[in-house]
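Everything below belongs to coords-v9.txt, which stores compact mmCIF, C-alpha atoms.
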```
# COMPACT_ATOMS: atom_id res chain seq x y z
CA MET A 1399 12.00 -5.59 -21.68
CA VAL A 1400 15.00 -7.41 -20.17
CA ILE A 1401 12.98 -8.22 -17.04
CA GLN A 1402 10.13 -9.65 -19.12
CA ASN A 1403 12.43 -11.73 -21.33
CA MET A 1404 14.10 -13.28 -18.28
CA LEU A 1405 10.70 -14.00 -16.77
CA ILE A 1406 9.40 -15.64 -19.92
CA GLN A 1407 12.47 -17.84 -20.24
CA ALA A 1408 12.22 -19.03 -16.63
CA ALA A 1409 8.44 -19.45 -16.85
CA THR A 1410 8.64 -21.48 -20.06
CA LEU A 1411 10.89 -24.05 -18.39
CA THR A 1412 8.65 -24.22 -15.31
CA LEU A 1413 5.41 -24.58 -17.27
CA ALA A 1414 6.82 -27.06 -19.77
CA SER A 1415 8.11 -29.26 -16.95
CA VAL A 1416 4.75 -29.39 -15.16
CA PHE A 1417 2.67 -29.86 -18.29
CA SER A 1418 4.96 -32.55 -19.70
CA ARG A 1419 4.72 -34.60 -16.51
CA VAL A 1420 0.93 -34.38 -16.54
CA MET A 1421 0.79 -35.16 -20.24
CA TYR A 1422 2.94 -38.28 -20.09
CA GLU A 1423 1.68 -39.64 -16.78
CA HIS A 1424 -1.94 -39.86 -17.88
CA GLY A 1425 -3.58 -41.73 -20.69
CA GLY A 1426 -6.91 -41.13 -22.37
CA LYS A 1427 -7.34 -38.13 -24.64
CA ILE A 1428 -3.86 -36.79 -23.96
CA ALA A 1429 -2.20 -40.11 -24.91
CA ALA A 1430 -4.30 -40.26 -28.07
CA TRP A 1431 -3.32 -36.71 -28.90
CA ILE A 1432 0.39 -37.56 -28.55
CA LYS A 1433 0.10 -40.45 -31.02
CA ASP A 1434 -1.65 -38.27 -33.59
CA GLN A 1435 1.02 -35.56 -33.70
CA SER A 1436 3.51 -35.33 -36.54
CA GLU A 1437 5.49 -32.75 -34.56
CA ASP A 1438 7.37 -33.63 -31.37
CA PRO A 1439 4.83 -33.17 -28.51
CA LYS A 1440 7.59 -31.70 -26.31
CA ILE A 1441 8.11 -28.90 -28.80
CA ILE A 1442 4.36 -28.20 -28.86
CA ILE A 1443 4.28 -28.04 -25.05
CA GLU A 1444 7.32 -25.75 -24.93
CA ARG A 1445 5.77 -23.43 -27.50
CA ALA A 1446 2.45 -23.32 -25.64
CA SER A 1447 4.28 -22.75 -22.33
CA GLU A 1448 6.19 -19.82 -23.81
CA GLN A 1449 2.93 -18.35 -25.13
CA TYR A 1450 1.28 -18.74 -21.71
CA ALA A 1451 4.19 -16.99 -19.98
CA TRP A 1452 4.15 -14.21 -22.58
CA ASN A 1453 0.38 -13.73 -22.18
CA TYR A 1454 0.64 -13.54 -18.40
CA ALA A 1455 3.53 -11.06 -18.58
CA GLN A 1456 1.67 -8.84 -21.03
CA ARG A 1457 -1.70 -8.92 -19.26
CA HIS A 1458 -0.68 -9.02 -15.61
CA GLY A 1459 3.01 -8.11 -15.50
CA VAL A 1460 2.76 -4.44 -16.43
CA LEU A 1461 1.23 -1.36 -14.82
CA LYS A 1462 -0.50 1.44 -16.71
CA VAL A 1463 -2.65 3.58 -14.47
CA LEU A 1464 -3.69 7.21 -13.97
CA GLY A 1465 -3.05 8.30 -17.54
CA MET A 1466 0.53 7.01 -17.74
CA ARG A 1467 1.83 7.41 -21.28
CA GLU A 1468 3.78 4.17 -21.23
CA PRO A 1469 3.25 1.00 -19.21
CA VAL A 1470 5.97 0.00 -16.77
CA PRO A 1471 6.93 -3.55 -15.79
CA LEU A 1472 5.33 -4.47 -12.48
CA GLU A 1473 8.60 -6.06 -11.39
CA ALA A 1474 10.43 -2.74 -11.83
CA VAL A 1475 8.28 -0.75 -9.41
CA TYR A 1476 6.82 -3.43 -7.13
CA THR A 1477 7.34 -2.78 -3.44
CA ALA A 1478 7.02 -5.75 -1.09
CA VAL A 1479 3.76 -5.48 0.82
CA GLN A 1480 2.95 -6.24 4.43
CA PHE A 1481 -0.23 -7.66 5.94
CA LEU A 1482 -2.04 -6.94 9.17
CA ASP A 1483 -3.18 -9.89 11.24
CA ARG A 1484 -6.78 -10.68 12.13
CA ASP A 1485 -6.65 -8.81 15.46
CA SER A 1486 -5.55 -5.63 13.72
CA ILE A 1487 -8.35 -5.95 11.15
CA SER A 1488 -11.18 -6.32 13.67
CA ARG A 1489 -9.95 -4.27 16.62
CA PHE A 1490 -12.61 -1.54 16.26
CA GLU A 1491 -15.75 -2.45 18.16
CA SER A 1492 -17.42 0.94 17.73
CA ILE A 1493 -17.26 4.18 15.78
CA GLU A 1494 -15.85 5.78 18.93
CA ASP A 1495 -12.93 3.31 18.98
CA LEU A 1496 -12.25 4.00 15.33
CA GLU A 1497 -12.29 7.77 15.87
CA LYS A 1498 -10.05 7.54 18.94
CA ALA A 1499 -7.46 5.52 17.05
CA PHE A 1500 -7.56 7.97 14.15
CA ARG A 1501 -6.96 10.97 16.41
CA GLU A 1502 -4.13 9.29 18.30
CA GLU A 1503 -2.00 8.62 15.24
CA PRO A 1504 0.68 11.25 14.50
CA GLU A 1505 -0.21 11.07 10.80
CA ARG A 1506 -3.76 10.36 9.77
CA SER A 1507 -4.36 6.65 9.43
CA PHE A 1508 -6.72 3.98 10.73
CA GLN A 1509 -3.78 1.64 11.29
CA ARG A 1510 -1.60 1.80 14.35
CA LYS A 1511 2.08 2.22 13.68
CA ASN A 1512 2.85 -0.61 16.12
CA SER A 1513 0.37 -3.05 14.59
CA LYS A 1514 1.83 -6.50 14.08
CA LYS A 1515 2.78 -6.85 10.41
CA MET A 1516 3.68 -9.86 8.30
CA GLN A 1517 5.58 -10.06 5.02
CA GLY A 1518 3.13 -10.67 2.17
CA LEU A 1519 5.21 -13.23 0.27
CA LYS A 1520 5.95 -15.19 3.46
CA VAL A 1521 2.24 -15.39 4.29
CA ALA A 1522 1.37 -16.48 0.73
CA ASN A 1523 3.92 -19.28 0.99
CA GLU A 1524 2.57 -20.43 4.35
CA LYS A 1525 -1.18 -20.27 3.69
CA GLN A 1526 -2.81 -22.56 1.15
CA TYR A 1527 -6.01 -20.47 1.21
CA LEU A 1528 -5.53 -16.71 1.54
CA MET A 1529 -8.05 -13.84 1.45
CA VAL A 1530 -6.39 -10.45 0.88
CA LEU A 1531 -8.48 -7.50 2.08
CA GLY A 1532 -7.90 -3.79 1.63
CA GLY A 1533 -9.32 -0.45 0.60
CA PRO A 1534 -9.45 1.08 -2.89
CA GLY A 1535 -6.00 1.34 -4.43
CA ALA A 1536 -4.32 -0.54 -1.59
CA GLY A 1537 -2.49 -2.86 -3.99
CA LYS A 1538 -4.55 -6.06 -3.68
CA SER A 1539 -4.66 -6.83 -7.41
CA THR A 1540 -0.99 -5.93 -7.79
CA PHE A 1541 -0.11 -8.38 -5.02
CA LEU A 1542 -2.04 -11.20 -6.71
CA ARG A 1543 -0.34 -10.49 -10.03
CA LYS A 1544 3.06 -10.43 -8.36
CA MET A 1545 2.44 -13.81 -6.70
CA GLY A 1546 1.57 -15.19 -10.13
CA LEU A 1547 4.84 -13.85 -11.53
CA GLU A 1548 6.80 -15.40 -8.66
CA ALA A 1549 5.11 -18.76 -9.24
CA LEU A 1550 5.90 -18.58 -12.96
CA LYS A 1551 9.61 -18.24 -12.21
CA GLY A 1552 9.67 -21.70 -10.62
CA ILE A 1553 12.67 -22.45 -8.41
CA GLY A 1554 14.14 -19.04 -9.23
CA GLY A 1555 11.13 -17.19 -7.83
CA GLY A 1556 10.01 -16.32 -4.35
CA TYR A 1557 6.94 -18.56 -4.39
CA ALA A 1558 7.89 -21.81 -2.70
CA HIS A 1559 5.36 -24.12 -4.39
CA GLU A 1560 5.54 -25.55 -7.89
CA CYS A 1561 2.25 -24.25 -9.26
CA ILE A 1562 0.97 -22.82 -12.51
CA PRO A 1563 -0.72 -19.49 -11.77
CA VAL A 1564 -4.13 -18.73 -13.28
CA LEU A 1565 -5.51 -15.26 -12.59
CA LEU A 1566 -9.28 -14.95 -12.88
CA GLU A 1567 -10.78 -11.45 -12.75
CA LEU A 1568 -14.15 -12.01 -11.10
CA LYS A 1569 -15.61 -8.84 -12.65
CA ASN A 1570 -15.70 -10.76 -15.94
CA PHE A 1571 -18.12 -13.35 -14.55
CA ASP A 1572 -21.34 -11.51 -15.33
CA ARG A 1573 -23.56 -14.60 -15.33
CA ALA A 1574 -24.92 -16.56 -12.39
CA GLU A 1575 -22.92 -19.63 -13.48
CA ILE A 1576 -19.27 -18.58 -13.34
CA GLN A 1577 -17.83 -21.87 -14.74
CA ILE A 1578 -14.40 -21.69 -13.16
CA GLU A 1579 -13.01 -24.83 -14.82
CA GLU A 1580 -13.99 -23.59 -18.25
CA ALA A 1581 -12.33 -20.22 -17.56
CA ILE A 1582 -9.09 -22.00 -16.60
CA ALA A 1583 -9.25 -24.28 -19.63
CA GLN A 1584 -9.72 -21.24 -21.88
CA GLU A 1585 -6.46 -19.76 -20.57
CA PHE A 1586 -4.68 -22.94 -21.72
CA ARG A 1587 -6.67 -23.29 -24.94
CA ILE A 1588 -5.69 -19.90 -26.36
CA CYS A 1589 -2.04 -20.77 -25.88
CA GLY A 1590 -2.26 -24.02 -27.84
CA PHE A 1591 -2.02 -26.59 -25.07
CA PRO A 1592 -3.32 -30.04 -26.06
CA SER A 1593 -6.70 -31.23 -24.73
CA PRO A 1594 -7.13 -28.14 -22.50
CA GLU A 1595 -10.24 -29.45 -20.69
CA THR A 1596 -8.58 -32.76 -19.81
CA MET A 1597 -5.33 -31.02 -18.94
CA THR A 1598 -7.17 -28.62 -16.64
CA GLN A 1599 -8.91 -31.45 -14.84
CA LYS A 1600 -5.65 -33.36 -14.33
CA LEU A 1601 -3.81 -30.26 -13.09
CA LEU A 1602 -6.61 -29.54 -10.62
CA GLU A 1603 -6.74 -33.12 -9.40
CA GLN A 1604 -2.98 -33.12 -8.76
CA GLY A 1605 -3.00 -29.71 -7.04
CA ARG A 1606 -0.71 -28.11 -9.61
CA LEU A 1607 -2.49 -24.74 -9.87
CA LEU A 1608 -2.32 -21.44 -8.02
CA ILE A 1609 -5.78 -19.93 -8.56
CA LEU A 1610 -5.88 -16.15 -8.12
CA PHE A 1611 -9.46 -14.88 -7.67
CA ASP A 1612 -9.18 -11.12 -8.14
CA GLY A 1613 -11.95 -8.79 -6.97
CA LEU A 1614 -14.68 -10.66 -5.14
CA ASP A 1615 -16.35 -7.29 -4.48
CA GLU A 1616 -16.59 -6.69 -8.25
CA VAL A 1617 -19.02 -9.56 -8.83
CA PRO A 1618 -22.48 -8.08 -9.62
CA THR A 1619 -24.60 -8.02 -6.47
CA LYS A 1620 -27.34 -10.15 -8.00
CA ASN A 1621 -24.81 -12.93 -8.68
CA LEU A 1622 -22.70 -12.60 -5.56
CA GLU A 1623 -24.26 -15.26 -3.31
CA GLN A 1624 -24.22 -17.85 -6.06
CA ALA A 1625 -20.66 -16.91 -7.06
CA ILE A 1626 -19.47 -17.32 -3.47
CA ARG A 1627 -21.18 -20.69 -3.23
CA GLN A 1628 -19.62 -21.87 -6.52
CA ILE A 1629 -16.15 -20.72 -5.51
CA GLN A 1630 -16.49 -22.50 -2.15
CA ASN A 1631 -17.61 -25.71 -3.87
CA PHE A 1632 -14.75 -25.43 -6.34
CA VAL A 1633 -12.19 -24.95 -3.54
CA ASP A 1634 -13.64 -27.91 -1.62
CA GLN A 1635 -13.56 -30.13 -4.71
CA TYR A 1636 -9.98 -29.26 -5.66
CA ASP A 1637 -8.50 -28.66 -2.24
CA LYS A 1638 -4.98 -29.79 -3.19
CA ASN A 1639 -4.44 -26.55 -5.11
CA ARG A 1640 -3.49 -23.16 -3.67
CA PHE A 1641 -5.81 -20.16 -3.69
CA ILE A 1642 -5.42 -16.41 -3.17
CA SER A 1643 -8.46 -14.16 -3.40
CA SER A 1644 -8.89 -10.40 -3.00
CA CYS A 1645 -11.78 -8.24 -1.83
CA ARG A 1646 -12.41 -4.72 -0.58
CA ILE A 1647 -12.49 -4.89 3.19
CA ALA A 1648 -15.79 -2.95 3.38
CA ALA A 1649 -17.51 -5.50 1.12
CA TYR A 1650 -16.24 -8.67 2.79
CA ARG A 1651 -18.58 -10.73 4.97
CA ASN A 1652 -16.31 -13.58 6.16
CA ASN A 1653 -17.65 -15.71 3.34
CA PHE A 1654 -14.83 -18.23 2.93
CA ARG A 1655 -14.41 -20.63 5.83
CA ARG A 1656 -11.15 -22.23 4.65
CA PHE A 1657 -9.39 -18.94 3.97
CA THR A 1658 -7.07 -17.01 6.26
CA ASP A 1659 -8.06 -13.32 6.24
CA VAL A 1660 -5.31 -10.70 6.08
CA ALA A 1661 -5.44 -6.98 5.30
CA MET A 1662 -3.07 -4.82 3.31
CA ALA A 1663 -1.04 -2.62 5.64
CA ASP A 1664 -0.53 1.04 4.76
CA PHE A 1665 2.86 1.74 3.24
CA SER A 1666 5.50 2.54 5.84
CA GLN A 1667 8.01 5.34 5.28
CA GLU A 1668 10.57 2.71 4.20
CA GLN A 1669 8.15 1.29 1.63
CA ILE A 1670 7.26 4.75 0.34
CA LYS A 1671 10.94 5.51 -0.17
CA GLN A 1672 11.53 2.19 -1.92
CA PHE A 1673 8.56 2.79 -4.21
CA ILE A 1674 9.81 6.27 -5.17
CA PHE A 1675 13.31 4.97 -5.91
CA ASN A 1676 11.84 2.11 -7.94
CA TRP A 1677 9.62 4.53 -9.85
CA PHE A 1678 12.34 7.03 -10.81
CA HIS A 1679 14.82 4.45 -12.05
CA SER A 1680 15.52 5.57 -15.64
CA ASP A 1681 19.04 6.57 -16.63
CA SER A 1682 18.05 10.24 -16.78
CA ASP A 1683 16.39 10.03 -13.35
CA LEU A 1684 19.44 8.34 -11.85
CA GLU A 1685 21.72 11.00 -13.31
CA ALA A 1686 19.51 13.81 -11.99
CA GLY A 1687 18.90 12.19 -8.62
CA THR A 1688 15.15 12.56 -9.14
CA ALA A 1689 14.14 9.93 -6.59
CA GLN A 1690 16.20 11.46 -3.80
CA LYS A 1691 14.89 14.95 -4.60
CA CYS A 1692 11.29 13.68 -4.57
CA TRP A 1693 11.83 11.86 -1.28
CA ASN A 1694 13.50 14.86 0.34
CA LEU A 1695 10.66 17.14 -0.75
CA LEU A 1696 8.09 14.73 0.67
CA GLN A 1697 9.75 14.95 4.11
CA LYS A 1698 9.26 18.70 4.42
CA PRO A 1699 6.63 19.81 6.99
CA GLU A 1700 4.61 21.71 4.40
CA ASN A 1701 4.10 18.44 2.47
CA ARG A 1702 2.54 16.52 5.35
CA SER A 1703 -0.72 16.09 3.42
CA ALA A 1704 1.15 14.56 0.49
CA ARG A 1705 2.99 12.25 2.91
CA GLU A 1706 -0.33 11.03 4.32
CA LEU A 1707 -1.67 10.26 0.86
CA ALA A 1708 1.53 8.35 0.07
CA GLN A 1709 0.47 5.53 2.43
CA SER A 1710 -1.78 4.27 -0.41
CA PRO A 1711 0.06 2.71 -3.40
CA LEU A 1712 -2.46 4.18 -5.86
CA LEU A 1713 -2.16 7.70 -4.46
CA LEU A 1714 1.62 7.36 -4.15
CA THR A 1715 1.60 6.63 -7.87
CA LEU A 1716 -0.38 9.84 -8.35
CA LEU A 1717 2.22 11.77 -6.33
CA CYS A 1718 5.06 10.37 -8.43
CA LEU A 1719 3.26 11.41 -11.62
CA VAL A 1720 2.58 14.88 -10.18
CA TYR A 1721 6.22 15.29 -9.18
CA HIS A 1722 7.40 14.02 -12.57
CA SER A 1723 5.39 16.69 -14.38
CA SER A 1724 6.15 19.66 -12.10
CA GLN A 1725 9.13 18.67 -9.92
CA ASN A 1726 7.01 19.74 -6.95
CA PHE A 1727 3.88 18.96 -4.94
CA PRO A 1728 0.94 21.38 -4.75
CA GLN A 1729 1.35 23.68 -1.75
CA ASN A 1730 -2.40 24.08 -1.46
CA ARG A 1731 -3.68 20.97 0.30
CA SER A 1732 -7.12 21.24 -1.29
CA VAL A 1733 -5.56 21.08 -4.77
CA LEU A 1734 -3.77 17.85 -3.88
CA TYR A 1735 -6.87 16.34 -2.27
CA ARG A 1736 -8.98 17.24 -5.31
CA LYS A 1737 -6.51 15.44 -7.57
CA ALA A 1738 -6.60 12.39 -5.27
CA LEU A 1739 -10.39 12.44 -5.07
CA ARG A 1740 -10.71 12.65 -8.83
CA VAL A 1741 -8.39 9.68 -9.20
CA LEU A 1742 -10.54 7.58 -6.87
CA LEU A 1743 -13.89 8.73 -8.28
CA GLU A 1744 -13.03 8.71 -11.95
CA GLU A 1745 -10.05 6.65 -13.04
CA TRP A 1746 -10.04 3.94 -10.37
CA ALA A 1747 -13.83 3.64 -10.21
CA ALA A 1748 -14.22 3.69 -14.00
CA GLU A 1749 -12.05 0.60 -14.21
CA LYS A 1750 -14.03 -1.21 -11.52
CA ARG A 1751 -17.63 -0.34 -12.47
CA ILE A 1752 -18.06 -2.88 -15.18
CA PHE A 1753 -21.62 -3.77 -14.22
CA PRO A 1754 -23.54 -0.60 -13.28
CA GLU A 1755 -26.72 -1.60 -11.50
CA GLU A 1756 -30.03 0.20 -11.86
CA VAL A 1757 -29.71 1.94 -8.49
CA TYR A 1758 -26.56 3.72 -9.72
CA GLN A 1759 -28.05 5.09 -12.94
CA GLY A 1760 -27.35 8.83 -13.17
CA LEU A 1761 -24.84 8.75 -10.32
CA GLY A 1762 -21.86 10.49 -11.92
CA THR A 1763 -18.71 12.03 -10.50
CA GLU A 1764 -20.26 15.47 -9.96
CA LEU A 1765 -23.16 14.07 -7.93
CA GLU A 1766 -20.81 11.83 -5.97
CA GLU A 1767 -18.79 14.88 -4.98
CA VAL A 1768 -21.96 16.61 -3.80
CA LEU A 1769 -22.90 13.59 -1.67
CA LEU A 1770 -19.41 13.28 -0.20
CA SER A 1771 -19.28 17.02 0.49
CA GLU A 1772 -22.50 16.80 2.48
CA ILE A 1773 -21.15 13.89 4.53
CA ALA A 1774 -17.85 15.72 5.11
CA TYR A 1775 -19.60 18.94 6.11
CA GLN A 1776 -21.73 17.18 8.72
CA GLY A 1777 -18.65 15.38 10.05
CA PHE A 1778 -16.63 18.58 10.38
CA GLU A 1779 -19.54 20.38 12.03
CA ALA A 1780 -19.80 17.63 14.64
CA ASN A 1781 -15.98 17.38 14.95
CA ARG A 1782 -16.10 13.69 14.05
```
Give the structure from the file, written as structure tokens.
Amino acid sequence: MVIQNMLIQAATLTLASVFSRVMYEHGGKIAAWIKDQSEDPKIIIERASEQYAWNYAQRHGVLKVLGMREPVPLEAVYTAVQFLDRDSISRFESIEDLEKAFREEPERSFQRKNSKKMQGLKVANEKQYLMVLGGPGAGKSTFLRKMGLEALKGIGGGYAHECIPVLLELKNFDRAEIQIEEAIAQEFRICGFPSPETMTQKLLEQGRLLILFDGLDEVPTKNLEQAIRQIQNFVDQYDKNRFISSCRIAAYRNNFRRFTDVAMADFSQEQIKQFIFNWFHSDSDLEAGTAQKCWNLLQKPENRSARELAQSPLLLTLLCLVYHSSQNFPQNRSVLYRKALRVLLEEWAAEKRIFPEEVYQGLGTELEEVLLSEIAYQGFEANR
């Protein structure tokens, strides 16, 4: 609560400053609106700015996943991410290369431990157009939300550009015409900003927005080509603004020519430890030393399988929840893998499958497990 209140206070000042400048520097509808108000326009802008910051904090500044009883502030558990460069993303020219790299790693991973890594926030500050790629549960959406929070803080945040963040979840664009400007204006409209359509246009023209396109892979297939084209046209038209988009790496086809492609790096041991200590941060956990006990247990040889799963933020969250409930990790590796598989097939996928297409009708979790089991069996039989 304290974290959110501090964020909202800082964000209100940042937003009010930007909106006030736009409002007073331009005539037309906004000037007419100012003359018609009986209340001080500055007070209206401050109130709308506070509402916008509160909305963002409530919708995008908390985490509640995997059956958590209570949401937790994203800021409290966020662990700084790292990106892989383009060479590391595309270094596999064949299945054989991929398999060789997998077998050579001391702990199972498709990413080399010595791959060149870059700090996520630093890259976001340097690149005006950024495409964040990664697998399921790699933390792509969390990164976008965090960048929005940093931008909201203004000069007190880690984002170096004075921008108003607008996060657009692309899964919500279920029509061929995605109407990006209208979606942005609606974010301002519901908070009570004056002349939201005009304000949106002026902000875009001046390059005052940080547009966060979350989940390109979640656009329905039948609308995808048109959505990509509309996003490209929008970026070209308003190229003074800053853009960060996310997509599953398996679904990406190098669609955006302006964008720099980066991939989420697996969590390192240092990041895993930081995440665990961030997660178990309550007074009772600090008194009991829960984080240290969890970390120590994870280092034991018999928990190697759990340590491998911990490279994924989503599955590390699962491990923290498992440890919280039992103060241990399952000794039977198959039990742990089943829990992880269920998370990916049921809870994560249920959130993403907003638009089930006809080809997927009848494809439930049980049948998916049968299909995956067949693939796994053939792979094990061939030692691949």
Fill in: Nearest residue to Ala1455 of chain A from the set A:Thr1763, A:Thr1715, A:Thr1412, A:Gln1407 (distances using all atoms listed in the file)
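So, comparing all the options, the nearest one is A:Gln1407.
Restricting the calculation to only C-alpha atoms, the smallest distance between Lys1514 of chain A and any of A:Ile1562, A:Leu1528, A:Ala1536, A:Ala1661 is found for A:Ala1661.
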Discussion item. Here is a test: counting all atoms listed in the file, which residue of A:Pro1594, A:Lys1671, A:Glu1744, A:Leu1405 is nearest to Ala1689 of chain A?
Written reply: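 The answer is A:Lys1671, which sits nearest to Ala1689 of chain A.
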Find the residues around Asn1639 of chain A up to 8 Å (only C-alpha atoms counted), leave out those fewer than 6 positions away in its own chain, and share them as a tab-separated table (two decimals) with C-alpha atoms, in the coordinates of the input.
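So out-v9.tsv came out as:
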```tsv
chain	number	residue	atom	x	y	z
A	1526	GLN	CA	-2.81	-22.56	1.15
A	1602	LEU	CA	-6.61	-29.54	-10.62
A	1604	GLN	CA	-2.98	-33.12	-8.76
A	1605	GLY	CA	-3.00	-29.71	-7.04
A	1606	ARG	CA	-0.71	-28.11	-9.61
A	1607	LEU	CA	-2.49	-24.74	-9.87
A	1608	LEU	CA	-2.32	-21.44	-8.02
A	1609	ILE	CA	-5.78	-19.93	-8.56
```
Worksheet entry | Nearest residue to Asp1659 of chain A from the set A:Gly1532, A:Pro1439, A:Gly1537, A:Pro1471 (distances using only C-alpha atoms) |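 Result for the nearest residue to Asp1659 of chain A: A:Gly1532.
The protein and nucleic acid residues lying at most 12 Å from Leu1770 of chain A are Leu1739, Leu1743, Thr1763, Glu1764, Gln1776 and Gly1777 of chain A, with only C-alpha atoms considered and sequence neighbours fewer than 6 positions away removed.
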Write out as a PDB file with C-alpha atoms, in the coordinates of the input the residues lying within 6 Å of segment 1707-1712 of chain A, counting only C-alpha atoms and excluding same-chain residues fewer than 4 positions away.
```
ATOM      1  CA  GLY A1535      -6.000   1.340  -4.430  1.00  0.00           C
ATOM      2  CA  ALA A1536      -4.320  -0.540  -1.590  1.00  0.00           C
ATOM      3  CA  ASP A1664      -0.530   1.040   4.760  1.00  0.00           C
ATOM      4  CA  PHE A1665       2.860   1.740   3.240  1.00  0.00           C
TER       5      PHE A1665
END
```
Worksheet item: Counting all atoms listed in the file, which residues come within 8 Å of (-9.6, -11.5, -8.4), with the point read in the file's coordinates, and could you list them as a ChimeraX atom specification?
Response: /A:1539,1542,1565-1569,1610-1614,1643-1645
Print the selection's residues with C-alpha atoms to a file, as a short mmCIF file (atom, residue, chain, number, x, y, z; two decimals), in the coordinates of the input.
```
data_model
loop_
_atom_site.label_atom_id
_atom_site.label_comp_id
_atom_site.auth_asym_id
_atom_site.auth_seq_id
_atom_site.Cartn_x
_atom_site.Cartn_y
_atom_site.Cartn_z
CA SER A 1539 -4.66 -6.83 -7.41
CA LEU A 1542 -2.04 -11.20 -6.71
CA LEU A 1565 -5.51 -15.26 -12.59
CA LEU A 1566 -9.28 -14.95 -12.88
CA GLU A 1567 -10.78 -11.45 -12.75
CA LEU A 1568 -14.15 -12.01 -11.10
CA LYS A 1569 -15.61 -8.84 -12.65
CA LEU A 1610 -5.88 -16.15 -8.12
CA PHE A 1611 -9.46 -14.88 -7.67
CA ASP A 1612 -9.18 -11.12 -8.14
CA GLY A 1613 -11.95 -8.79 -6.97
CA LEU A 1614 -14.68 -10.66 -5.14
CA SER A 1643 -8.46 -14.16 -3.40
CA SER A 1644 -8.89 -10.40 -3.00
CA CYS A 1645 -11.78 -8.24 -1.83
#
```
Item to complete: For atom CA of Gly1687 of chain A and atom CA of Arg1740 of chain A, determine how far apart the two atoms are, in Å to one decimal place.
Response: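 So the two atoms, atom CA of Gly1687 of chain A and atom CA of Arg1740 of chain A, lie 29.6 Å apart.
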Worksheet entry | Two-atom distance - atom CA of Ile1642 of chain A, atom CA of Arg1573 of chain A (Å) |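 Atom-to-atom, atom CA of Ile1642 of chain A and atom CA of Arg1573 of chain A are spaced 21.9 Å apart.
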Practice prompt. Identify, on the basis of all atoms listed in the file, every residue whose closest approach to segment 1673-1677 of chain A does not exceed 9 Å; exclude the query and any residue fewer than 2 positions from it along the same chain; express the result as a list in words.
Written response: Ala1474, Val1475, Tyr1476, Thr1477, Glu1668, Gln1669, Ile1670, Lys1671, His1679, Ser1680, Thr1688, Ala1689, Gln1690, Cys1692, Trp1693, Pro1711, Leu1714, Thr1715 and Cys1718 of chain A
Worksheet item: Could you work out how far atom CA of Ala1414 of chain A lies from atom CA of Ser1447 of chain A, giving the answer in Å with one decimal?
Response: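 Taking atom CA of Ser1447 of chain A and atom CA of Ala1414 of chain A, their separation equals 5.6 Å.
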Skipping near chain neighbours, those fewer than 2 positions away, what residues fall within 10 Å of Gln1599 of chain A using only C-alpha atoms, listed as an mmCIF file with C-alpha atoms, in the frame of the given file?
```cif
data_model
loop_
_atom_site.group_PDB
_atom_site.id
_atom_site.type_symbol
_atom_site.label_atom_id
_atom_site.label_comp_id
_atom_site.auth_asym_id
_atom_site.auth_seq_id
_atom_site.Cartn_x
_atom_site.Cartn_y
_atom_site.Cartn_z
ATOM 1 C CA GLU A 1579 -13.010 -24.830 -14.820
ATOM 2 C CA GLU A 1580 -13.990 -23.590 -18.250
ATOM 3 C CA ILE A 1582 -9.090 -22.000 -16.600
ATOM 4 C CA ALA A 1583 -9.250 -24.280 -19.630
ATOM 5 C CA PRO A 1594 -7.130 -28.140 -22.500
ATOM 6 C CA GLU A 1595 -10.240 -29.450 -20.690
ATOM 7 C CA THR A 1596 -8.580 -32.760 -19.810
ATOM 8 C CA MET A 1597 -5.330 -31.020 -18.940
ATOM 9 C CA LEU A 1601 -3.810 -30.260 -13.090
ATOM 10 C CA LEU A 1602 -6.610 -29.540 -10.620
ATOM 11 C CA GLU A 1603 -6.740 -33.120 -9.400
ATOM 12 C CA GLN A 1604 -2.980 -33.120 -8.760
ATOM 13 C CA GLY A 1605 -3.000 -29.710 -7.040
ATOM 14 C CA TYR A 1636 -9.980 -29.260 -5.660
#
```
Worksheet item: Restricting the calculation to all atoms listed in the file, which member of A:Cys1589, A:Ala1704, A:Leu1761, A:Ala1780 is positioned closest to Tyr1735 of chain A?
Response: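 Ranking A:Cys1589, A:Ala1704, A:Leu1761, A:Ala1780 by distance to Tyr1735 of chain A, first place goes to A:Ala1704.
Neighbourhood of point (-13.8, -25.6, 3.3): residues with an atom at most 6 Å away, counting all atoms listed in the file, are Asp1634, Arg1655 and Arg1656 of chain A.
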